[in-house]
>>> print(open('entry.txt').read())   # compact mmCIF, C-alpha atoms
# COMPACT_ATOMS: atom_id res chain seq x y z
CA MET A 5 -177.61 118.58 -98.32
CA ARG A 6 -175.70 118.59 -95.09
CA ARG A 7 -178.86 117.47 -93.20
CA LEU A 8 -179.34 114.46 -95.45
CA ALA A 9 -175.74 113.52 -94.83
CA VAL A 10 -176.50 113.47 -91.10
CA VAL A 11 -179.34 111.02 -91.72
CA GLY A 12 -177.12 108.82 -93.83
CA ALA A 13 -174.32 108.86 -91.26
CA LEU A 14 -176.78 107.95 -88.48
CA ALA A 15 -178.08 105.02 -90.50
CA ALA A 16 -174.53 103.81 -91.07
CA LEU A 17 -173.74 104.01 -87.36
CA LEU A 18 -176.89 102.04 -86.49
CA ALA A 19 -175.98 99.39 -89.05
CA VAL A 20 -172.51 99.04 -87.54
CA ALA A 21 -174.09 98.73 -84.07
CA GLY A 22 -176.15 95.82 -85.30
CA VAL A 23 -179.50 97.59 -85.50
CA GLY A 24 -180.77 96.46 -88.87
CA ALA A 25 -183.59 98.96 -89.23
CA ALA A 26 -183.74 100.87 -92.48
CA VAL A 27 -184.15 104.64 -92.74
CA PRO A 28 -187.40 105.40 -94.53
CA ALA A 29 -186.82 106.54 -98.11
CA ALA A 30 -189.53 109.18 -97.74
CA ALA A 31 -187.62 111.16 -95.10
CA ALA A 32 -188.06 114.83 -95.72
CA PRO A 33 -185.03 117.10 -96.06
CA GLY A 34 -183.94 118.34 -92.68
CA ASP A 35 -185.38 115.38 -90.74
CA VAL A 36 -183.09 113.50 -88.37
CA ILE A 37 -184.43 109.98 -87.79
CA VAL A 38 -183.49 108.02 -84.67
CA VAL A 39 -184.21 104.28 -84.77
CA VAL A 40 -184.86 102.44 -81.47
CA PRO A 41 -184.65 98.63 -81.35
CA ASP A 42 -188.07 96.98 -81.05
CA SER A 43 -187.23 94.65 -78.14
CA THR A 44 -184.49 93.22 -75.96
CA THR A 45 -183.68 89.64 -75.10
CA GLY A 46 -183.54 90.17 -71.34
CA PRO A 47 -181.48 91.92 -68.68
CA THR A 48 -177.88 92.67 -69.54
CA PRO A 49 -175.43 91.06 -67.14
CA THR A 50 -172.70 93.05 -65.44
CA PRO A 51 -169.11 92.41 -66.54
CA GLY A 52 -168.17 88.90 -65.46
CA GLY A 53 -171.84 87.88 -65.08
CA THR A 54 -173.90 85.33 -66.98
CA ALA A 55 -176.95 85.85 -69.17
CA ILE A 56 -179.63 83.17 -68.85
CA ASP A 57 -182.23 82.45 -71.52
CA ASP A 58 -183.65 78.99 -70.68
CA ALA A 59 -183.65 78.48 -66.93
CA GLN A 60 -185.71 75.76 -65.28
CA LEU A 61 -187.71 76.06 -62.06
CA ARG A 62 -188.74 72.82 -60.32
CA TRP A 63 -190.72 72.71 -57.07
CA GLY A 64 -193.36 70.59 -55.32
CA LEU A 65 -194.17 73.32 -52.72
CA SER A 66 -194.80 70.79 -49.91
CA ALA A 67 -195.54 67.11 -49.34
CA GLU A 68 -199.09 68.20 -48.48
CA ALA A 69 -199.49 69.56 -52.03
CA GLY A 70 -199.36 65.93 -53.19
CA GLY A 71 -200.79 64.22 -50.14
CA GLY A 72 -204.01 62.40 -49.41
CA ALA A 73 -207.08 64.48 -48.57
CA PHE A 74 -209.84 63.71 -46.09
CA PHE A 75 -212.28 64.29 -48.96
CA GLY A 76 -211.87 64.36 -52.73
CA GLY A 77 -209.04 61.85 -52.95
CA CYS A 78 -205.92 64.01 -52.83
CA ASN A 79 -204.24 67.37 -53.22
CA PHE A 80 -202.38 67.93 -56.50
CA LEU A 81 -200.69 70.36 -58.89
CA SER A 82 -201.96 71.19 -62.38
CA ALA A 83 -200.32 73.06 -65.26
CA GLY A 84 -201.80 76.35 -66.40
CA ARG A 85 -204.31 78.64 -64.77
CA ALA A 86 -207.41 76.59 -64.02
CA GLY A 87 -210.76 77.91 -65.22
CA ASP A 88 -213.93 78.53 -63.25
CA ALA A 89 -215.38 75.34 -61.74
CA GLY A 90 -218.56 77.22 -60.84
CA SER A 91 -218.49 76.02 -57.23
CA GLY A 92 -216.37 74.10 -54.80
CA ARG A 93 -216.45 70.58 -56.25
CA VAL A 94 -214.19 67.64 -57.04
CA TRP A 95 -212.65 67.92 -60.50
CA GLY A 96 -213.56 65.37 -63.18
CA ALA A 97 -211.41 63.86 -65.90
CA ASP A 98 -213.35 65.57 -68.70
CA ASP A 99 -214.20 69.00 -67.29
CA GLY A 100 -211.04 70.62 -68.68
CA LEU A 101 -209.78 71.91 -65.34
CA TYR A 102 -206.80 69.56 -64.95
CA ARG A 103 -203.85 69.89 -67.33
CA PRO A 104 -200.55 67.95 -67.20
CA GLN A 105 -198.87 70.56 -69.44
CA ASP A 106 -199.51 74.14 -70.53
CA GLY A 107 -196.89 75.83 -72.68
CA ALA A 108 -193.54 75.84 -70.87
CA VAL A 109 -195.18 74.49 -67.70
CA ARG A 110 -195.58 70.77 -66.96
CA ILE A 111 -196.30 68.54 -63.96
CA GLU A 112 -194.01 65.61 -63.25
CA LYS A 113 -194.13 62.93 -60.58
CA PRO A 114 -191.70 60.24 -59.43
CA ALA A 115 -191.91 56.64 -60.60
CA SER A 116 -190.88 53.53 -58.70
CA ASN A 117 -187.61 53.28 -60.68
CA GLY A 118 -186.47 56.70 -59.43
CA GLU A 119 -187.20 58.54 -62.68
CA TRP A 120 -189.51 61.50 -63.23
CA VAL A 121 -192.49 60.95 -65.52
CA ALA A 122 -195.29 63.11 -66.86
CA ALA A 123 -198.27 63.33 -64.52
CA SER A 124 -201.82 62.67 -65.65
CA PHE A 125 -205.30 62.96 -64.24
CA ALA A 126 -205.36 59.20 -63.65
CA SER A 127 -202.05 59.24 -61.74
CA ARG A 128 -202.48 62.47 -59.80
CA CYS A 129 -203.42 60.62 -56.56
CA LEU A 130 -200.87 57.80 -56.80
CA ASP A 131 -197.55 57.55 -54.97
CA PRO A 132 -194.36 56.36 -56.76
CA GLN A 133 -195.35 52.71 -56.18
CA GLY A 134 -198.76 53.24 -57.78
CA ARG A 135 -200.72 53.18 -54.50
CA GLU A 136 -203.43 55.67 -53.60
CA VAL A 137 -202.04 58.36 -51.33
CA SER A 138 -203.50 58.28 -47.84
CA SER A 139 -204.46 61.09 -45.48
CA ALA A 140 -203.60 58.76 -42.58
CA SER A 141 -199.86 59.08 -43.29
CA THR A 142 -197.87 62.31 -43.56
CA THR A 143 -195.26 60.52 -45.67
CA SER A 144 -197.77 59.26 -48.22
CA THR A 145 -197.52 61.67 -51.16
CA SER A 146 -197.55 61.65 -54.94
CA GLY A 147 -194.36 63.75 -54.97
CA ASN A 148 -195.69 65.80 -57.91
CA GLN A 149 -193.68 68.86 -58.93
CA VAL A 150 -194.25 71.79 -61.23
CA VAL A 151 -191.51 72.29 -63.84
CA ILE A 152 -191.22 75.56 -65.78
CA ASP A 153 -188.66 76.06 -68.54
CA GLY A 154 -187.69 79.18 -70.48
CA GLY A 155 -186.60 81.41 -67.59
CA VAL A 156 -184.75 84.57 -68.64
CA GLY A 157 -182.39 86.59 -66.47
CA THR A 158 -178.86 87.13 -65.22
CA VAL A 159 -176.45 85.96 -62.57
CA ASP A 160 -173.92 88.67 -61.73
CA SER A 161 -170.30 88.00 -60.91
CA GLY A 162 -171.09 88.46 -57.21
CA GLY A 163 -173.91 85.91 -57.30
CA ALA A 164 -176.85 88.32 -57.42
CA THR A 165 -179.56 86.62 -59.47
CA ARG A 166 -182.79 87.60 -61.19
CA ILE A 167 -184.75 85.11 -63.32
CA GLU A 168 -188.26 85.51 -64.72
CA TRP A 169 -190.50 82.70 -65.95
CA SER A 170 -193.63 82.95 -68.09
CA GLY A 171 -196.48 80.57 -67.37
CA SER A 172 -198.93 79.45 -64.71
CA PHE A 173 -199.68 76.48 -62.48
CA THR A 174 -202.55 75.63 -60.14
CA VAL A 175 -202.60 74.21 -56.62
CA ALA A 176 -205.75 72.13 -55.96
CA PHE A 177 -206.72 70.72 -52.56
CA TYR A 178 -209.48 68.29 -51.60
CA GLY A 179 -209.71 67.02 -55.17
CA GLY A 180 -210.40 70.55 -56.42
CA LEU A 181 -212.87 71.82 -53.82
CA THR A 182 -210.47 74.71 -53.33
CA TYR A 183 -207.77 75.84 -55.76
CA TRP A 184 -205.65 78.83 -56.73
CA SER A 185 -203.05 79.63 -59.38
CA VAL A 186 -199.60 81.23 -59.71
CA THR A 187 -198.58 83.19 -62.81
CA ASN A 188 -195.15 84.39 -64.00
CA PRO A 189 -192.89 83.63 -61.00
CA VAL A 190 -189.79 85.80 -60.52
CA LEU A 191 -186.73 84.81 -58.49
CA THR A 192 -184.36 87.40 -57.00
CA ILE A 193 -181.30 86.61 -54.88
CA ASP A 194 -178.78 89.08 -53.51
CA GLU A 195 -175.03 88.60 -53.18
CA SER A 196 -175.40 87.22 -49.64
CA GLY A 197 -177.51 84.32 -50.94
CA SER A 198 -180.84 85.59 -49.58
CA GLY A 199 -183.84 86.09 -51.80
CA ARG A 200 -187.39 85.19 -52.66
CA LEU A 201 -189.62 83.70 -55.30
CA VAL A 202 -192.61 85.93 -56.09
CA GLY A 203 -195.62 85.29 -58.30
CA THR A 204 -199.07 86.62 -59.10
CA ALA A 205 -201.78 84.67 -57.29
CA SER A 206 -205.34 84.27 -58.54
CA GLY A 207 -208.18 81.82 -58.07
CA TYR A 208 -211.58 81.30 -56.53
CA GLY A 209 -212.68 81.50 -52.92
CA THR A 210 -215.12 79.23 -51.16
CA ASP A 211 -216.26 78.32 -47.66
CA MET A 212 -215.58 74.83 -46.30
CA ASP A 213 -218.95 75.04 -44.53
CA ASP A 214 -220.78 76.29 -47.62
CA LEU A 215 -219.28 75.09 -50.90
CA SER A 216 -221.93 76.95 -52.89
CA ALA A 217 -220.21 80.17 -51.80
CA TRP A 218 -217.97 80.93 -54.76
CA GLU A 219 -216.21 84.10 -55.86
CA GLN A 220 -213.36 85.05 -58.14
CA LEU A 221 -210.44 86.38 -56.15
CA PRO A 222 -208.42 89.47 -57.02
CA GLU A 223 -204.97 88.98 -58.48
CA ARG A 224 -202.24 89.72 -55.97
CA SER A 225 -198.46 89.52 -55.94
CA ILE A 226 -197.36 87.18 -53.13
CA VAL A 227 -194.09 85.73 -51.88
CA LEU A 228 -194.09 82.03 -52.70
CA ALA A 229 -190.81 81.21 -50.99
CA GLU A 230 -188.04 82.94 -49.09
CA VAL A 231 -184.57 81.43 -49.38
CA ARG A 232 -181.29 81.89 -47.58
CA ARG A 233 -177.71 80.64 -47.93
CA VAL A 234 -178.09 80.02 -51.67
CA ASP A 235 -174.79 79.04 -53.26
CA THR A 236 -174.55 80.05 -56.92
CA SER A 237 -170.82 79.40 -57.23
CA ALA A 238 -171.27 76.18 -59.25
CA GLY A 239 -172.50 78.25 -62.16
CA VAL A 240 -175.17 75.74 -63.21
CA GLY A 241 -177.95 76.37 -60.68
CA PHE A 242 -178.76 75.34 -57.13
CA ALA A 243 -181.13 73.49 -54.82
CA VAL A 244 -182.37 75.05 -51.59
CA VAL A 245 -185.01 74.34 -48.95
CA PRO A 246 -187.16 77.49 -48.57
CA GLU A 247 -187.79 78.99 -45.16
CA TYR A 248 -190.57 77.34 -43.14
CA LEU A 249 -189.41 75.88 -39.83
CA GLY A 250 -189.58 78.46 -37.07
CA VAL A 251 -191.29 81.08 -39.26
CA ALA A 252 -194.11 82.73 -37.29
CA VAL A 253 -197.06 84.42 -38.99
CA THR A 254 -200.31 86.06 -38.03
CA THR A 255 -203.35 83.99 -39.00
CA GLY A 256 -207.12 84.11 -39.14
CA ASP A 257 -209.55 81.87 -37.28
CA THR A 258 -207.13 78.96 -36.90
CA PRO A 259 -204.11 79.99 -34.78
CA GLN A 260 -200.60 78.91 -35.56
CA THR A 261 -199.09 76.21 -33.34
CA ARG A 262 -195.53 77.10 -32.32
CA THR A 263 -194.41 73.93 -30.61
CA GLY A 264 -193.13 70.62 -31.93
CA SER A 265 -190.57 69.66 -34.55
CA PHE A 266 -192.51 70.91 -37.56
CA TRP A 267 -193.94 74.25 -36.53
CA GLY A 268 -193.53 77.04 -39.03
CA SER A 269 -195.13 78.65 -42.06
CA PHE A 270 -194.92 79.75 -45.65
CA PRO A 271 -194.42 83.54 -46.06
CA GLN A 272 -196.93 85.96 -44.53
CA SER A 273 -198.32 87.27 -47.84
CA PHE A 274 -198.75 83.65 -49.00
CA VAL A 275 -200.77 82.75 -45.89
CA ASP A 276 -202.80 85.96 -46.15
CA TYR A 277 -203.95 84.99 -49.63
CA GLN A 278 -204.93 81.51 -48.44
CA GLN A 279 -207.40 83.14 -46.07
CA LEU A 280 -209.33 83.91 -49.26
CA THR A 281 -208.90 80.55 -51.00
CA GLY A 282 -209.92 78.39 -48.03
CA GLN A 283 -206.53 76.64 -47.81
CA ASN A 284 -205.07 78.83 -45.06
CA SER A 285 -204.26 76.30 -42.32
CA TYR A 286 -202.65 73.91 -44.81
CA TRP A 287 -199.69 76.26 -45.25
CA TYR A 288 -198.66 76.67 -41.62
CA SER A 289 -198.56 74.54 -38.48
CA SER A 290 -202.03 74.41 -36.96
CA GLY A 291 -201.62 71.56 -34.49
CA GLY A 292 -203.30 69.06 -36.81
CA ALA A 293 -202.28 65.50 -37.57
CA ARG A 294 -200.74 66.56 -40.91
CA ASP A 295 -198.39 69.29 -39.70
CA ALA A 296 -195.38 67.10 -40.58
CA ALA A 297 -196.39 67.24 -44.29
CA LYS A 298 -196.61 71.04 -44.46
CA PRO A 299 -192.94 72.25 -44.51
CA ALA A 300 -191.66 73.56 -47.82
CA THR A 301 -189.83 71.05 -49.98
CA THR A 302 -186.61 71.58 -51.94
CA LEU A 303 -186.72 74.17 -54.71
CA TYR A 304 -184.49 73.51 -57.75
CA VAL A 305 -183.24 76.17 -60.18
CA SER A 306 -181.20 75.23 -63.25
CA TYR A 307 -179.63 77.90 -65.45
CA ASP A 308 -179.98 75.64 -68.49
CA ALA A 309 -183.14 73.54 -68.80
CA ALA A 310 -181.27 71.16 -71.12
CA ALA A 311 -178.74 70.41 -68.35
CA PRO A 312 -180.71 70.59 -65.08
CA VAL A 313 -179.19 70.22 -61.62
CA ALA A 314 -179.47 66.75 -60.12
CA VAL A 315 -182.73 65.87 -58.38
CA PRO A 316 -182.35 62.92 -55.95
CA PRO A 317 -184.50 59.88 -56.81
CA PRO A 318 -187.65 59.79 -54.68
CA GLY A 319 -187.21 57.86 -51.45
CA SER A 320 -183.44 57.55 -51.90
CA GLY A 321 -182.70 59.65 -48.85
CA ALA A 322 -179.93 61.37 -50.79
CA PRO A 323 -179.46 65.04 -49.93
CA ALA A 324 -180.24 67.72 -52.46
CA THR A 325 -177.33 69.31 -54.26
CA GLY A 326 -176.38 72.90 -53.60
CA SER A 327 -177.40 75.00 -50.65
CA GLY A 328 -179.45 73.27 -48.02
CA SER A 329 -177.99 69.83 -48.70
CA GLY A 330 -177.06 67.42 -45.95
CA ALA A 331 -178.75 67.85 -42.58
CA ALA A 332 -182.45 68.30 -42.15
CA PRO A 333 -183.61 71.90 -42.73
CA SER A 334 -183.55 74.16 -39.71
CA ASN A 335 -184.52 77.80 -40.17
CA PRO A 336 -183.84 80.59 -37.68
CA VAL A 337 -186.93 81.71 -35.79
CA ARG A 338 -188.51 84.67 -37.59
CA MET A 339 -191.27 86.57 -35.87
CA PRO A 340 -193.56 89.23 -37.37
CA PRO A 341 -193.55 92.61 -35.57
CA GLY A 342 -195.44 92.71 -32.29
CA LEU A 343 -195.45 88.96 -31.57
CA PRO A 344 -193.69 87.43 -28.55
CA ALA A 345 -190.79 85.09 -29.21
CA PRO A 346 -191.71 81.38 -28.86
CA ASN A 347 -189.64 78.65 -27.29
CA ALA A 348 -186.55 77.45 -29.11
CA VAL A 349 -187.23 75.39 -32.22
CA PRO A 350 -186.38 71.71 -31.65
CA SER A 351 -184.30 69.92 -34.24
CA VAL A 352 -186.10 67.84 -36.85
CA PRO A 353 -185.47 64.09 -36.49
CA THR A 354 -184.09 62.42 -39.59
CA ALA A 355 -184.34 58.83 -40.76
CA ALA A 356 -180.77 58.26 -39.59
CA THR A 357 -181.41 59.47 -36.04
CA VAL A 358 -184.54 57.41 -35.48
CA GLY A 359 -183.35 54.26 -37.26
CA VAL A 360 -186.13 54.18 -39.86
CA SER A 361 -185.61 53.60 -43.56
CA ALA A 362 -186.01 56.82 -45.55
CA SER A 363 -188.47 55.09 -47.86
CA ALA A 364 -190.50 53.36 -45.16
CA ALA A 365 -194.08 54.51 -44.75
CA VAL A 366 -194.77 55.88 -41.30
CA THR A 367 -198.43 56.05 -40.33
CA THR A 368 -199.59 58.66 -37.86
CA LEU A 369 -201.65 57.00 -35.10
CA PRO A 370 -203.13 58.41 -31.91
CA ALA A 371 -201.12 57.66 -28.78
CA ALA A 372 -202.39 54.67 -26.79
CA LYS A 373 -203.66 55.24 -23.25
CA GLY A 374 -201.25 54.33 -20.48
CA LEU A 375 -201.72 51.17 -18.42
CA VAL A 376 -201.00 52.99 -15.13
CA PRO A 377 -203.95 54.88 -13.60
CA ALA A 378 -203.87 58.58 -14.33
CA MET A 379 -203.57 59.51 -10.64
CA VAL A 380 -199.99 58.16 -10.58
CA ALA A 381 -198.95 61.07 -12.77
CA ALA A 382 -199.95 63.47 -10.02
CA LEU A 383 -197.78 61.80 -7.35
CA SER A 384 -194.44 63.17 -6.24
CA PRO A 385 -191.47 61.86 -8.26
CA LEU A 386 -190.15 60.22 -5.07
CA VAL A 387 -193.36 58.36 -4.24
CA VAL A 388 -193.39 55.95 -7.18
CA PRO A 389 -189.85 54.55 -6.54
CA LEU A 390 -190.67 54.12 -2.80
CA LEU A 391 -193.83 52.20 -3.65
CA GLY A 392 -191.80 49.89 -5.88
CA THR A 393 -189.24 49.26 -3.09
CA ALA A 394 -191.97 48.51 -0.54
CA ALA A 395 -193.58 46.01 -2.92
CA ALA A 396 -190.27 44.22 -3.46
CA LEU A 397 -189.64 44.04 0.32
CA GLY A 398 -193.11 42.60 0.89
CA LEU A 399 -192.52 39.82 -1.64
CA SER A 400 -189.21 38.96 0.04
CA ILE A 401 -190.89 38.61 3.45
CA VAL A 402 -193.56 36.31 2.00
CA ALA A 403 -190.88 34.12 0.41
CA VAL A 404 -188.98 33.74 3.72
CA LEU A 405 -192.13 32.87 5.67
CA SER A 406 -193.02 30.29 3.03
CA LEU A 407 -189.66 28.53 3.48
CA MET A 408 -190.21 28.47 7.25
CA GLN A 409 -193.67 26.95 6.78
CA ALA A 410 -194.88 29.90 8.85
CA LEU A 411 -197.62 31.16 6.63
CA PRO A 412 -201.11 30.87 8.19
CA TRP A 413 -202.49 28.41 5.65
CA GLN A 414 -199.31 26.29 5.91
CA ARG A 415 -199.71 25.98 9.69
CA ARG A 416 -203.34 24.94 9.35
CA ARG A 417 -202.45 22.26 6.81
CA GLY A 418 -199.75 20.85 9.15
CA MET A 419 -202.15 20.67 12.14
CA SER A 420 -204.87 18.67 10.42
>>> encode(input="entry.txt", output="structure tokens")
Amino acid sequence: MRRLAVVGALAALLAVAGVGAAVPAAAAPGDVIVVVPDSTTGPTPTPGGTAIDDAQLRWGLSAEAGGGAFFGGCNFLSAGRAGDAGSGRVWGADDGLYRPQDGAVRIEKPASNGEWVAASFASRCLDPQGREVSSASTTSTSGNQVVIDGGVGTVDSGGATRIEWSGSFTVAFYGGLTYWSVTNPVLTIDESGSGRLVGTASGYGTDMDDLSAWEQLPERSIVLAEVRRVDTSAGVGFAVVPEYLGVAVTTGDTPQTRTGSFWGSFPQSFVDYQQLTGQNSYWYSSGGARDAAKPATTLYVSYDAAAPVAVPPPGSGAPATGSGSGAAPSNPVRMPPGLPAPNAVPSVPTAATVGVSASAAVTTLPAAKGLVPAMVAALSPLVVPLLGTAAALGLSIVAVLSLMQALPWQRRRGMS
């Protein structure tokens, strides 16, 4: 009798605690039944912290992820985890590989009026003005971004953050000749404002020289973005430019270029995985004409998907809100172990410093050949000014002789 009373008392305590599970009526005398809740709704915040149940992640990865491609039309983002194309080939409208939305994941792109609209297969290669994106310009891009709602996590009173999202998106280059996917990204940030976005990568590998080579790649957890100086004090979310400029990595066949205004890289594990997908040199500076389109673009995190942080209208030139706003991004040089330190990273020119409209298209063209013979470049710095002075003196002498009618042909004309 006393044992049954224990069971009854336990059930009453669980009911008071909010656990609405019933004690089975068939409990045998002497049994003590402990009921464990079936599930939880997410991490429990520390005192003074905030629980999050519908966070939004918004990111375009890079301008190159929406830029023009030398073959296949363009590079683009797609919702969901793309299926098996069977080989490296350009995706079609009806093959089921492209998706504008998949569950809580959707792809949006900017419109000419500054608003964000749902992407589609037909618009995947168009810029905000409806023009085809061009590989000849590093500023020509669709601006497409992946948006994932439903993130669950916590922000502690000190700013430490952990948010998990469920869903996948796919990154397709060269019209789909090469593509890979990200599943269930997780964001962690410590109290100093440093952190990273991690996800599970998957996809298919091919060879740019042999597109019939096709293999399913192993799933691997990779760092999608590393962030610093994140400010969570606003309590609604933040915007931050992930690390890229000045980040050095080890690479495969194509070495990393570590000079110029745009040298840098996505994280090492990210680049390592791209060695398998065939996209490796598109995620770090390789000395190519499109290096300026490769730096990571602003990553936006909103704690409430129904009230997202402000995203500047495309081409407005307005800075992003939150950490990383204002001046052009400049990351400290970060070298992997064993690599020599490069030269100092030059500052990135902005539209204000070069006097160009933020929305103006700038086409990358090869430099024209100089009009001065190449041998002049090898002369001493003092020689060229002296040659100019001698030429000016010679012209002055000719002018004086002309006034005196002392030039040879003038004398002959006077004697005739």
>>> closest_residue(input="entry.txt", among="A:Gly291, A:Pro316, A:Gly96, A:Gly264", to="Gly180 (chain A)", atoms="all atoms listed in the file")
A:Gly96
>>> residues_around(input="entry.txt", residues="Gly155 (chain A)", least_positions_apart="4", cutoff="7 Å", atoms="all atoms listed in the file", output="NGL selection string")
:A and (57-60 or 167-169)
>>> closest_residue(input="entry.txt", among="A:Pro189, A:Pro271, A:Gly239, A:Gly70", to="Ala252 (chain A)", atoms="all atoms listed in the file")
A:Pro271
>>> atom_distance(input="entry.txt", atom1="CA of Leu181 (chain A)", atom2="CA of Val94 (chain A)")
5.4 Å
>>> closest_residue(input="entry.txt", among="A:Asp276, A:Glu247, A:Glu136, A:Asp295", to="Gly77 (chain A)", atoms="all atoms listed in the file")
A:Glu136
>>> closest_residue(input="entry.txt", among="A:Gly282, A:Gly76, A:Gly241, A:Pro246", to="Gly199 (chain A)", atoms="all atoms listed in the file")
A:Pro246
>>> residues_around(input="entry.txt", residues="Phe266 (chain A)", least_positions_apart="3", cutoff="8 Å", atoms="only C-alpha atoms", output="list of chain:residue names")
A:Leu249, A:Thr263, A:Ser289, A:Asp295, A:Ala296, A:Pro299, A:Val352
>>> residues_near_point(input="entry.txt", point="(-191.4, 68.2, -50.7)", cutoff="10 Å", atoms="only C-alpha atoms", output="list of chain:residue names")
A:Trp63, A:Gly64, A:Leu65, A:Ser66, A:Ala67, A:Glu68, A:Ala69, A:Gly70, A:Thr143, A:Thr145, A:Ser146, A:Gly147, A:Asn148, A:Gln149, A:Val245, A:Ala297, A:Lys298, A:Pro299, A:Ala300, A:Thr301, A:Thr302, A:Leu303
>>> write_last_selection(input="entry.txt", atoms="C-alpha atoms", output="tab-separated table (two decimals), in the frame of the given file")
chain	number	residue	atom	x	y	z
A	63	TRP	CA	-190.72	72.71	-57.07
A	64	GLY	CA	-193.36	70.59	-55.32
A	65	LEU	CA	-194.17	73.32	-52.72
A	66	SER	CA	-194.80	70.79	-49.91
A	67	ALA	CA	-195.54	67.11	-49.34
A	68	GLU	CA	-199.09	68.20	-48.48
A	69	ALA	CA	-199.49	69.56	-52.03
A	70	GLY	CA	-199.36	65.93	-53.19
A	143	THR	CA	-195.26	60.52	-45.67
A	145	THR	CA	-197.52	61.67	-51.16
A	146	SER	CA	-197.55	61.65	-54.94
A	147	GLY	CA	-194.36	63.75	-54.97
A	148	ASN	CA	-195.69	65.80	-57.91
A	149	GLN	CA	-193.68	68.86	-58.93
A	245	VAL	CA	-185.01	74.34	-48.95
A	297	ALA	CA	-196.39	67.24	-44.29
A	298	LYS	CA	-196.61	71.04	-44.46
A	299	PRO	CA	-192.94	72.25	-44.51
A	300	ALA	CA	-191.66	73.56	-47.82
A	301	THR	CA	-189.83	71.05	-49.98
A	302	THR	CA	-186.61	71.58	-51.94
A	303	LEU	CA	-186.72	74.17	-54.71
>>> residues_around(input="entry.txt", residues="Ala217 (chain A)", least_positions_apart="5", cutoff="12 Å", atoms="all atoms listed in the file", output="PyMOL selection string")
chain A and resi 90-93+181-182+208-212+280-282
>>> axis_aligned_box(input="entry.txt", around="region 155-170 of chain A", padding_each_side="8 Å", output="JSON")
{"center_x": -182.0, "center_y": 85.0, "center_z": -62.9, "size_x": 39.3, "size_y": 23.3, "size_z": 27.4}
>>> closest_residue(input="entry.txt", among="A:Arg262, A:Arg224, A:Arg166, A:Arg233", to="Thr54 (chain A)", atoms="only C-alpha atoms")
A:Arg166
>>> residues_around(input="entry.txt", residues="Phe274 (chain A)", least_positions_apart="5", cutoff="8 Å", atoms="all atoms listed in the file", output="VMD selection string")
chain A and resid 226 to 228
>>> atom_distance(input="entry.txt", atom1="CA of Ala164 (chain A)", atom2="CA of Gly197 (chain A)")
7.6 Å
>>> build_atoms(input="entry.txt", residues="region 170-179 of chain A", atoms="N, CA, C and O atoms", output="short mmCIF file (atom, residue, chain, number, x, y, z; two decimals), in the coordinates of the input")
data_model
loop_
_atom_site.label_atom_id
_atom_site.label_comp_id
_atom_site.auth_asym_id
_atom_site.auth_seq_id
_atom_site.Cartn_x
_atom_site.Cartn_y
_atom_site.Cartn_z
N SER A 170 -192.30 82.66 -67.56
CA SER A 170 -193.63 82.95 -68.09
C SER A 170 -194.45 81.67 -68.07
O SER A 170 -194.02 80.63 -68.59
N GLY A 171 -195.62 81.74 -67.45
CA GLY A 171 -196.48 80.57 -67.37
C GLY A 171 -197.20 80.52 -66.04
O GLY A 171 -196.95 81.32 -65.13
N SER A 172 -198.12 79.58 -65.92
CA SER A 172 -198.93 79.45 -64.71
C SER A 172 -199.04 78.00 -64.28
O SER A 172 -198.89 77.08 -65.09
N PHE A 173 -199.32 77.80 -63.00
CA PHE A 173 -199.68 76.48 -62.48
C PHE A 173 -200.72 76.65 -61.39
O PHE A 173 -200.89 77.75 -60.84
N THR A 174 -201.43 75.58 -61.09
CA THR A 174 -202.55 75.63 -60.14
C THR A 174 -202.34 74.63 -59.01
O THR A 174 -201.84 73.53 -59.23
N VAL A 175 -202.71 75.04 -57.82
CA VAL A 175 -202.60 74.21 -56.62
C VAL A 175 -204.01 73.85 -56.16
O VAL A 175 -204.77 74.73 -55.73
N ALA A 176 -204.39 72.58 -56.29
CA ALA A 176 -205.75 72.13 -55.96
C ALA A 176 -205.73 71.24 -54.73
O ALA A 176 -204.92 70.31 -54.65
N PHE A 177 -206.59 71.54 -53.76
CA PHE A 177 -206.72 70.72 -52.56
C PHE A 177 -208.10 70.09 -52.50
O PHE A 177 -209.05 70.58 -53.10
N TYR A 178 -208.21 69.00 -51.76
CA TYR A 178 -209.48 68.29 -51.60
C TYR A 178 -210.08 67.93 -52.96
O TYR A 178 -211.27 68.08 -53.19
N GLY A 179 -209.23 67.45 -53.86
CA GLY A 179 -209.71 67.02 -55.17
C GLY A 179 -210.16 68.15 -56.06
O GLY A 179 -210.67 67.91 -57.15
#
